[in-house]
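Okay, so here's the structure we're looking at.
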Amino acid sequence: MNLNLVYELIQTTDDFIQLFLRLVAGIIIFPYGMQKLLGWFNDFGGGVGIRESLLRIRQKNVPVFIGWLIIIGQSFGSIALILGCFGRLAALGNFIIFTGALITHSADGWTMNWSGKKKGKVSNILYCCFPCFWL
């Protein structure tokens, strides 16, 4: 195994901008991952846990295996971003998750549901931030 590849995956730079972006993205994604994994954070639409998350994901015709990858990616990926360990791998995983979410929910638009309506303000800010981790 090439040790340079492993080093590139686990190393973190001392750049404060990348630290800030990792922390912001990790803090934003953390509640959604824990909501899916453990059922925490009722304020974000109800703590649903693994069983209900997989049922909801399955209703959107997403395979169960992919559903598990989504739950693991958001849960442990957010922690990895916050800690700076495997940040690039976590950013790539979450980038794939957000791309899939954008495609899956494109009929509704990617909304910020502040008004209580299904249709809302389109927000791709977080989606656009993920390529910054590869700088």
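Identifiers in this document derive from the order of the structure tokens: chains are assigned A, B, ..., residues are numbered from 1 separately in each chain, and ligands are numbered from 1 in order of occurrence.
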
Excluding Ala25 of chain A and its own-chain neighbours fewer than 2 positions away, which residues fall within 9 Å of it when counting only C-alpha atoms? Please give them as a PDB file with N, CA, C and O atoms, in the first residue's frame.
ATOM      1  N   PHE A  20     -11.737  26.671   9.387  1.00  0.00           N
ATOM      2  CA  PHE A  20     -13.037  27.315   9.545  1.00  0.00           C
ATOM      3  C   PHE A  20     -14.100  26.619   8.694  1.00  0.00           C
ATOM      4  O   PHE A  20     -15.205  26.328   9.171  1.00  0.00           O
ATOM      5  N   LEU A  21     -13.784  26.332   7.428  1.00  0.00           N
ATOM      6  CA  LEU A  21     -14.744  25.673   6.541  1.00  0.00           C
ATOM      7  C   LEU A  21     -15.092  24.275   7.036  1.00  0.00           C
ATOM      8  O   LEU A  21     -16.258  23.871   6.997  1.00  0.00           O
ATOM      9  N   ARG A  22     -14.083  23.530   7.503  1.00  0.00           N
ATOM     10  CA  ARG A  22     -14.335  22.185   8.042  1.00  0.00           C
ATOM     11  C   ARG A  22     -15.231  22.246   9.263  1.00  0.00           C
ATOM     12  O   ARG A  22     -16.163  21.455   9.410  1.00  0.00           O
ATOM     13  N   LEU A  23     -14.941  23.185  10.184  1.00  0.00           N
ATOM     14  CA  LEU A  23     -15.748  23.302  11.400  1.00  0.00           C
ATOM     15  C   LEU A  23     -17.191  23.699  11.089  1.00  0.00           C
ATOM     16  O   LEU A  23     -18.126  23.113  11.640  1.00  0.00           O
ATOM     17  N   ILE A  27     -20.241  21.204  11.838  1.00  0.00           N
ATOM     18  CA  ILE A  27     -21.267  21.606  12.808  1.00  0.00           C
ATOM     19  C   ILE A  27     -22.651  21.628  12.156  1.00  0.00           C
ATOM     20  O   ILE A  27     -23.641  21.260  12.784  1.00  0.00           O
ATOM     21  N   ILE A  28     -22.730  22.029  10.900  1.00  0.00           N
ATOM     22  CA  ILE A  28     -24.022  22.044  10.206  1.00  0.00           C
ATOM     23  C   ILE A  28     -24.523  20.628   9.940  1.00  0.00           C
ATOM     24  O   ILE A  28     -25.700  20.329  10.101  1.00  0.00           O
ATOM     25  N   ILE A  29     -23.653  19.725   9.542  1.00  0.00           N
ATOM     26  CA  ILE A  29     -24.052  18.370   9.175  1.00  0.00           C
ATOM     27  C   ILE A  29     -24.281  17.491  10.398  1.00  0.00           C
ATOM     28  O   ILE A  29     -25.094  16.565  10.359  1.00  0.00           O
ATOM     29  N   PHE A  30     -23.609  17.759  11.510  1.00  0.00           N
ATOM     30  CA  PHE A  30     -23.682  16.919  12.708  1.00  0.00           C
ATOM     31  C   PHE A  30     -25.110  16.639  13.187  1.00  0.00           C
ATOM     32  O   PHE A  30     -25.459  15.473  13.415  1.00  0.00           O
ATOM     33  N   SER A  78     -19.327  14.044   9.716  1.00  0.00           N
ATOM     34  CA  SER A  78     -19.347  15.357  10.370  1.00  0.00           C
ATOM     35  C   SER A  78     -18.354  15.403  11.526  1.00  0.00           C
ATOM     36  O   SER A  78     -17.683  16.407  11.730  1.00  0.00           O
ATOM     37  N   LEU A  81     -14.912  15.773  10.078  1.00  0.00           N
ATOM     38  CA  LEU A  81     -14.642  17.139   9.644  1.00  0.00           C
ATOM     39  C   LEU A  81     -14.306  18.033  10.829  1.00  0.00           C
ATOM     40  O   LEU A  81     -13.384  18.845  10.762  1.00  0.00           O
ATOM     41  N   ILE A  82     -15.052  17.894  11.913  1.00  0.00           N
ATOM     42  CA  ILE A  82     -14.805  18.718  13.094  1.00  0.00           C
ATOM     43  C   ILE A  82     -13.434  18.425  13.692  1.00  0.00           C
ATOM     44  O   ILE A  82     -12.688  19.335  14.058  1.00  0.00           O
ATOM     45  N   ALA A  91     -15.260  14.872   3.535  1.00  0.00           N
ATOM     46  CA  ALA A  91     -15.789  15.906   2.642  1.00  0.00           C
ATOM     47  C   ALA A  91     -16.245  15.294   1.325  1.00  0.00           C
ATOM     48  O   ALA A  91     -17.304  15.664   0.796  1.00  0.00           O
ATOM     49  N   LEU A 126     -24.114  25.478   1.118  1.00  0.00           N
ATOM     50  CA  LEU A 126     -23.321  24.387   1.688  1.00  0.00           C
ATOM     51  C   LEU A 126     -22.817  23.464   0.596  1.00  0.00           C
ATOM     52  O   LEU A 126     -21.688  22.996   0.632  1.00  0.00           O
ATOM     53  N   CYS A 129     -19.725  24.794  -0.913  1.00  0.00           N
ATOM     54  CA  CYS A 129     -18.555  24.888  -0.045  1.00  0.00           C
ATOM     55  C   CYS A 129     -17.690  23.630  -0.092  1.00  0.00           C
ATOM     56  O   CYS A 129     -16.496  23.711   0.160  1.00  0.00           O
ATOM     57  N   PHE A 130     -18.265  22.485  -0.398  1.00  0.00           N
ATOM     58  CA  PHE A 130     -17.497  21.252  -0.305  1.00  0.00           C
ATOM     59  C   PHE A 130     -16.288  21.176  -1.229  1.00  0.00           C
ATOM     60  O   PHE A 130     -15.264  20.644  -0.828  1.00  0.00           O
TER      61      PHE A 130
END

message: Give me, as a PyMOL selection string, the residues of segment 6-95 of chain A that a backbone DSSP run labels helix (DSSP H, G or I).
response: chain A and resi 6-10+16-38+42-44+49-59+64-83+87-95
